[in-house]
Amino acid sequence: KYFVHNIGDTVESVLHNMIENNLIISEQTTVNLPARIRMSTLYAYSQSLNGRVVNTCNLSEEMVGYSTRWGDSVGDFSPLGNLTVMEILEIGDYLGLPKELVHKTPIDGLNVKEDGSYVTDEDNLGVTYAEIDSYLGVNPAMLNNITWAKIDDLVHKSDFKRKPIPTFKI
């Protein structure tokens with residue numbers, strides 16, 4: 001059993017209200033808002049069905065910050081959280097899962113090109129998952145200095161996403 005729930009109207013409503021309140025909407029807001037609304041919707045369904053939400057982010061994505069805080073990086077459990085993309089592909093192949101699913105081009109399903117196709121994760125990142133996994137220790141020698149520096153910059157800029165929320169002692 002599955003449900004299809006279009007979040008487009010909700011996203012547009014929030015953005016419209018922000019404009020009505022004379023707020024300038026940042027590009028990052030337009031990127032992250034759909035993921036956050038999608039997560040709220042998933043939790044609403046989960047709660048109503050007495051279910052759980054799966055965080056499907058993997059180590060490769062998390063290390064370069066390719067996740068939305070309080071969006072796709074949320075879940076009740078995270079079975080892929082400590083696995084790189086290459087490890088996940090190897091597991092899928094080992095289990096004999098359909099190749100068209102295991103090796104499907106990763107997309108977030110939210111960013112659409114002018115031709116109606118989706119922007120890939122690697123398009124958004126500017127590096128491939130193979131390169132990210134190499135950076136993470138799979139084969140660091142394969143990377144040139146420019147790619148290494150680009151991935152290293154992504155890792156350091158997104159460090160805050162991997163840390164617990166700061167708390168303050170009273």
# chains A, B, ... in the order shown; residues from 1 in each chain; ligands from 1
call {"tool": "select_by_dssp", "arguments": {"residues": "chain A", "states": "strand (DSSP E)", "output": "number ranges by chain"}}
result
A: 107-112, 118-120
call {"tool": "residues_around", "arguments": {"residues": "region 25-36 of chain A", "least_positions_apart": "5", "cutoff": "10 Å", "atoms": "only C-alpha atoms", "output": "VMD selection string"}}
result
chain A and resid 7 to 8 10 to 12 14 to 16 18 to 19 41 to 42 67 to 74 108 to 111
call {"tool": "write_last_selection", "arguments": {"atoms": "N, CA, C and O atoms", "output": "mmCIF file, in the first residue's frame"}}
result
data_model
loop_
_atom_site.group_PDB
_atom_site.id
_atom_site.type_symbol
_atom_site.label_atom_id
_atom_site.label_comp_id
_atom_site.auth_asym_id
_atom_site.auth_seq_id
_atom_site.Cartn_x
_atom_site.Cartn_y
_atom_site.Cartn_z
ATOM 1 N N ILE A 7 3.075 17.849 -2.690
ATOM 2 C CA ILE A 7 3.332 18.920 -1.718
ATOM 3 C C ILE A 7 3.498 20.282 -2.383
ATOM 4 O O ILE A 7 3.736 21.286 -1.724
ATOM 5 N N GLY A 8 3.365 20.321 -3.710
ATOM 6 C CA GLY A 8 3.598 21.561 -4.455
ATOM 7 C C GLY A 8 2.757 22.729 -3.979
ATOM 8 O O GLY A 8 3.271 23.849 -3.827
ATOM 9 N N THR A 10 1.451 23.229 -1.051
ATOM 10 C CA THR A 10 1.890 23.647 0.287
ATOM 11 C C THR A 10 3.151 24.500 0.192
ATOM 12 O O THR A 10 3.256 25.540 0.847
ATOM 13 N N VAL A 11 4.099 24.057 -0.615
ATOM 14 C CA VAL A 11 5.337 24.821 -0.804
ATOM 15 C C VAL A 11 5.010 26.205 -1.356
ATOM 16 O O VAL A 11 5.482 27.227 -0.834
ATOM 17 N N GLU A 12 4.178 26.251 -2.386
ATOM 18 C CA GLU A 12 3.804 27.533 -2.994
ATOM 19 C C GLU A 12 3.074 28.437 -2.008
ATOM 20 O O GLU A 12 3.280 29.660 -1.996
ATOM 21 N N VAL A 14 3.434 28.548 1.313
ATOM 22 C CA VAL A 14 4.398 29.103 2.268
ATOM 23 C C VAL A 14 5.198 30.227 1.607
ATOM 24 O O VAL A 14 5.362 31.314 2.177
ATOM 25 N N LEU A 15 5.688 29.985 0.386
ATOM 26 C CA LEU A 15 6.467 31.007 -0.312
ATOM 27 C C LEU A 15 5.617 32.241 -0.592
ATOM 28 O O LEU A 15 6.080 33.376 -0.431
ATOM 29 N N HIS A 16 4.361 32.044 -0.983
ATOM 30 C CA HIS A 16 3.455 33.162 -1.247
ATOM 31 C C HIS A 16 3.250 34.006 0.018
ATOM 32 O O HIS A 16 3.290 35.241 -0.030
ATOM 33 N N MET A 18 5.280 34.255 2.527
ATOM 34 C CA MET A 18 6.531 34.954 2.829
ATOM 35 C C MET A 18 6.637 36.237 2.001
ATOM 36 O O MET A 18 7.013 37.282 2.524
ATOM 37 N N ILE A 19 6.273 36.135 0.733
ATOM 38 C CA ILE A 19 6.295 37.309 -0.147
ATOM 39 C C ILE A 19 5.303 38.356 0.347
ATOM 40 O O ILE A 19 5.603 39.554 0.395
ATOM 41 N N THR A 41 5.132 16.021 6.002
ATOM 42 C CA THR A 41 4.050 15.214 5.431
ATOM 43 C C THR A 41 4.274 13.735 5.725
ATOM 44 O O THR A 41 3.342 13.011 6.115
ATOM 45 N N LEU A 42 5.509 13.271 5.572
ATOM 46 C CA LEU A 42 5.806 11.868 5.881
ATOM 47 C C LEU A 42 5.518 11.546 7.347
ATOM 48 O O LEU A 42 4.965 10.488 7.661
ATOM 49 N N SER A 67 22.084 17.074 2.228
ATOM 50 C CA SER A 67 20.855 16.724 2.937
ATOM 51 C C SER A 67 20.327 18.021 3.531
ATOM 52 O O SER A 67 21.080 18.962 3.739
ATOM 53 N N THR A 68 19.049 18.032 3.771
ATOM 54 C CA THR A 68 18.431 19.215 4.352
ATOM 55 C C THR A 68 18.173 18.963 5.825
ATOM 56 O O THR A 68 17.477 18.012 6.181
ATOM 57 N N ARG A 69 18.769 19.808 6.647
ATOM 58 C CA ARG A 69 18.537 19.697 8.079
ATOM 59 C C ARG A 69 17.051 19.882 8.341
ATOM 60 O O ARG A 69 16.436 20.818 7.838
ATOM 61 N N TRP A 70 16.466 18.950 9.085
ATOM 62 C CA TRP A 70 15.032 18.911 9.387
ATOM 63 C C TRP A 70 14.209 18.604 8.137
ATOM 64 O O TRP A 70 13.031 18.836 8.084
ATOM 65 N N GLY A 71 14.872 18.056 7.121
ATOM 66 C CA GLY A 71 14.199 17.601 5.912
ATOM 67 C C GLY A 71 14.525 16.133 5.723
ATOM 68 O O GLY A 71 14.201 15.307 6.572
ATOM 69 N N ASP A 72 15.237 15.804 4.648
ATOM 70 C CA ASP A 72 15.544 14.406 4.372
ATOM 71 C C ASP A 72 16.559 13.798 5.340
ATOM 72 O O ASP A 72 16.726 12.586 5.372
ATOM 73 N N SER A 73 17.205 14.615 6.164
ATOM 74 C CA SER A 73 18.175 14.072 7.120
ATOM 75 C C SER A 73 17.509 13.587 8.407
ATOM 76 O O SER A 73 18.182 13.149 9.329
ATOM 77 N N VAL A 74 16.183 13.649 8.452
ATOM 78 C CA VAL A 74 15.434 13.243 9.646
ATOM 79 C C VAL A 74 14.832 11.862 9.419
ATOM 80 O O VAL A 74 14.525 11.479 8.301
ATOM 81 N N ASP A 108 16.760 14.002 -6.105
ATOM 82 C CA ASP A 108 15.961 14.271 -4.910
ATOM 83 C C ASP A 108 14.472 14.343 -5.232
ATOM 84 O O ASP A 108 13.637 14.386 -4.344
ATOM 85 N N GLY A 109 14.145 14.365 -6.521
ATOM 86 C CA GLY A 109 12.748 14.403 -6.929
ATOM 87 C C GLY A 109 12.094 15.760 -6.754
ATOM 88 O O GLY A 109 10.879 15.885 -6.899
ATOM 89 N N LEU A 110 12.871 16.778 -6.444
ATOM 90 C CA LEU A 110 12.317 18.098 -6.181
ATOM 91 C C LEU A 110 12.759 19.145 -7.191
ATOM 92 O O LEU A 110 12.047 20.114 -7.427
ATOM 93 N N ASN A 111 13.930 18.976 -7.772
ATOM 94 C CA ASN A 111 14.471 19.979 -8.695
ATOM 95 C C ASN A 111 14.268 19.533 -10.139
ATOM 96 O O ASN A 111 14.827 18.531 -10.569
#
call {"tool": "residues_around", "arguments": {"residues": "Val64 (chain A)", "least_positions_apart": "3", "cutoff": "9 Å", "atoms": "only C-alpha atoms", "output": "number ranges by chain"}}
result
A: 59-61, 67, 125, 132, 151-159
call {"tool": "closest_residue", "arguments": {"among": "A:Asn58, A:Leu101, A:Thr120, A:Leu49", "to": "Leu80 (chain A)", "atoms": "only C-alpha atoms"}}
result
A:Asn58
call {"tool": "select_by_dssp", "arguments": {"residues": "region 9-134 of chain A", "states": "helix (DSSP H, G or I)", "output": "number ranges by chain"}}
result
A: 9-20, 27-48, 59-63, 85-94, 99-102, 121-125, 129-134
call {"tool": "residues_around", "arguments": {"residues": "Ser78 (chain A)", "least_positions_apart": "6", "cutoff": "12 Å", "atoms": "only C-alpha atoms", "output": "PDB file with N, CA, C and O atoms, in the first residue's frame"}}
result
ATOM      1  N   ARG A  52       6.677   4.342  11.048  1.00  0.00           N
ATOM      2  CA  ARG A  52       7.948   4.991  11.325  1.00  0.00           C
ATOM      3  C   ARG A  52       8.492   5.568  10.019  1.00  0.00           C
ATOM      4  O   ARG A  52       8.281   5.008   8.945  1.00  0.00           O
ATOM      5  N   VAL A  53       9.252   6.645  10.134  1.00  0.00           N
ATOM      6  CA  VAL A  53       9.856   7.288   8.970  1.00  0.00           C
ATOM      7  C   VAL A  53      11.312   6.831   8.871  1.00  0.00           C
ATOM      8  O   VAL A  53      12.055   6.867   9.857  1.00  0.00           O
ATOM      9  N   VAL A  54      11.688   6.400   7.671  1.00  0.00           N
ATOM     10  CA  VAL A  54      13.053   5.945   7.422  1.00  0.00           C
ATOM     11  C   VAL A  54      13.882   7.094   6.865  1.00  0.00           C
ATOM     12  O   VAL A  54      13.492   7.741   5.900  1.00  0.00           O
ATOM     13  N   ASN A  55      15.008   7.370   7.492  1.00  0.00           N
ATOM     14  CA  ASN A  55      15.992   8.304   6.950  1.00  0.00           C
ATOM     15  C   ASN A  55      16.818   7.490   5.959  1.00  0.00           C
ATOM     16  O   ASN A  55      17.484   6.534   6.339  1.00  0.00           O
ATOM     17  N   THR A  56      16.760   7.855   4.680  1.00  0.00           N
ATOM     18  CA  THR A  56      17.487   7.095   3.662  1.00  0.00           C
ATOM     19  C   THR A  56      18.792   7.769   3.241  1.00  0.00           C
ATOM     20  O   THR A  56      19.387   7.369   2.244  1.00  0.00           O
ATOM     21  N   CYS A  57      19.235   8.775   3.991  1.00  0.00           N
ATOM     22  CA  CYS A  57      20.522   9.408   3.681  1.00  0.00           C
ATOM     23  C   CYS A  57      21.646   8.406   3.907  1.00  0.00           C
ATOM     24  O   CYS A  57      21.550   7.513   4.748  1.00  0.00           O
ATOM     25  N   ASN A  58      22.709   8.568   3.161  1.00  0.00           N
ATOM     26  CA  ASN A  58      23.868   7.701   3.320  1.00  0.00           C
ATOM     27  C   ASN A  58      25.076   8.536   3.732  1.00  0.00           C
ATOM     28  O   ASN A  58      25.019   9.765   3.746  1.00  0.00           O
ATOM     29  N   LEU A  59      26.156   7.863   4.062  1.00  0.00           N
ATOM     30  CA  LEU A  59      27.362   8.536   4.545  1.00  0.00           C
ATOM     31  C   LEU A  59      27.929   9.508   3.517  1.00  0.00           C
ATOM     32  O   LEU A  59      28.358  10.609   3.862  1.00  0.00           O
ATOM     33  N   GLU A  62      25.767  12.679   3.517  1.00  0.00           N
ATOM     34  CA  GLU A  62      25.885  13.405   4.786  1.00  0.00           C
ATOM     35  C   GLU A  62      27.234  14.105   4.920  1.00  0.00           C
ATOM     36  O   GLU A  62      27.308  15.217   5.422  1.00  0.00           O
ATOM     37  N   ASP A  72      15.237  15.804   4.648  1.00  0.00           N
ATOM     38  CA  ASP A  72      15.544  14.406   4.372  1.00  0.00           C
ATOM     39  C   ASP A  72      16.559  13.798   5.340  1.00  0.00           C
ATOM     40  O   ASP A  72      16.726  12.586   5.372  1.00  0.00           O
TER      41      ASP A  72
END
call {"tool": "residues_around", "arguments": {"residues": "Met86 (chain A)", "least_positions_apart": "2", "cutoff": "9 Å", "atoms": "only C-alpha atoms", "output": "list in words"}}
result
Ser60, Leu83, Thr84, Ile88, Leu89, Glu90, Ile91, Tyr129, Ala130, Asp133 and Val138 of chain A
call {"tool": "write_last_selection", "arguments": {"atoms": "all heavy atoms", "output": "compact mmCIF listing (two decimals), in the first residue's frame"}}
result
# COMPACT_ATOMS: atom_id res chain seq x y z
N SER A 60 27.91 9.12 2.24
CA SER A 60 28.46 9.98 1.19
C SER A 60 27.72 11.31 1.14
O SER A 60 28.34 12.38 1.06
CB SER A 60 28.38 9.28 -0.16
OG SER A 60 29.00 8.02 -0.12
N LEU A 83 26.92 3.91 5.54
CA LEU A 83 27.38 3.27 4.31
C LEU A 83 27.60 4.30 3.21
O LEU A 83 26.79 5.22 3.05
CB LEU A 83 26.35 2.24 3.83
CG LEU A 83 26.04 1.09 4.79
CD1 LEU A 83 24.87 0.28 4.26
CD2 LEU A 83 27.27 0.21 4.97
N THR A 84 28.67 4.14 2.44
CA THR A 84 28.90 5.01 1.29
C THR A 84 27.99 4.55 0.15
O THR A 84 27.45 3.43 0.17
CB THR A 84 30.37 4.95 0.82
OG1 THR A 84 30.64 3.64 0.32
CG2 THR A 84 31.33 5.32 1.92
N ILE A 88 26.55 0.73 -0.76
CA ILE A 88 25.13 0.46 -0.95
C ILE A 88 24.91 -0.23 -2.30
O ILE A 88 24.13 -1.19 -2.40
CB ILE A 88 24.30 1.75 -0.83
CG1 ILE A 88 24.38 2.27 0.61
CG2 ILE A 88 22.85 1.53 -1.26
CD1 ILE A 88 23.90 3.69 0.79
N LEU A 89 25.59 0.24 -3.34
CA LEU A 89 25.48 -0.40 -4.66
C LEU A 89 25.96 -1.84 -4.60
O LEU A 89 25.33 -2.75 -5.17
CB LEU A 89 26.27 0.39 -5.70
CG LEU A 89 25.78 1.80 -6.01
CD1 LEU A 89 26.72 2.49 -7.00
CD2 LEU A 89 24.36 1.81 -6.51
N GLU A 90 27.08 -2.07 -3.91
CA GLU A 90 27.60 -3.43 -3.77
C GLU A 90 26.61 -4.34 -3.05
O GLU A 90 26.41 -5.50 -3.45
CB GLU A 90 28.93 -3.42 -3.02
CG GLU A 90 30.09 -2.86 -3.81
CD GLU A 90 31.37 -2.75 -3.00
OE1 GLU A 90 31.47 -3.36 -1.91
OE2 GLU A 90 32.28 -2.03 -3.45
N ILE A 91 25.98 -3.85 -2.00
CA ILE A 91 24.99 -4.64 -1.26
C ILE A 91 23.79 -4.96 -2.15
O ILE A 91 23.32 -6.10 -2.19
CB ILE A 91 24.55 -3.91 0.02
CG1 ILE A 91 25.70 -3.87 1.03
CG2 ILE A 91 23.32 -4.58 0.64
CD1 ILE A 91 25.47 -2.94 2.21
N TYR A 129 29.47 10.66 -6.89
CA TYR A 129 29.52 9.89 -5.65
C TYR A 129 30.78 9.03 -5.60
O TYR A 129 31.35 8.82 -4.52
CB TYR A 129 28.27 9.03 -5.49
CG TYR A 129 27.09 9.83 -5.00
CD1 TYR A 129 25.96 9.99 -5.77
CD2 TYR A 129 27.13 10.45 -3.75
CE1 TYR A 129 24.88 10.74 -5.30
CE2 TYR A 129 26.07 11.21 -3.29
CZ TYR A 129 24.95 11.35 -4.06
OH TYR A 129 23.88 12.09 -3.61
N ALA A 130 31.25 8.56 -6.75
CA ALA A 130 32.51 7.80 -6.77
C ALA A 130 33.65 8.66 -6.26
O ALA A 130 34.53 8.19 -5.51
CB ALA A 130 32.79 7.28 -8.18
N ASP A 133 33.21 9.09 -2.46
CA ASP A 133 33.62 7.87 -1.77
C ASP A 133 35.13 7.70 -1.80
O ASP A 133 35.72 7.21 -0.83
CB ASP A 133 32.91 6.66 -2.37
CG ASP A 133 31.42 6.65 -2.05
OD1 ASP A 133 30.95 7.54 -1.30
OD2 ASP A 133 30.71 5.75 -2.54
N VAL A 138 37.91 5.31 0.03
CA VAL A 138 37.83 4.15 -0.86
C VAL A 138 39.06 4.09 -1.75
O VAL A 138 39.69 3.04 -1.90
CB VAL A 138 36.53 4.19 -1.71
CG1 VAL A 138 36.52 3.08 -2.73
CG2 VAL A 138 35.31 4.11 -0.81
call {"tool": "residues_around", "arguments": {"residues": "Ile107 (chain A)", "least_positions_apart": "3", "cutoff": "10 Å", "atoms": "only C-alpha atoms", "output": "list in words"}}
result
Lys104, Leu110, Asn111, Val112, Tyr118, Val119, Thr120, Asp121, Glu122, Asp123 and Asn124 of chain A
call {"tool": "atom_distance", "arguments": {"atom1": "CA of Leu95 (chain A)", "atom2": "CA of Ser134 (chain A)"}}
result
23.5 Å
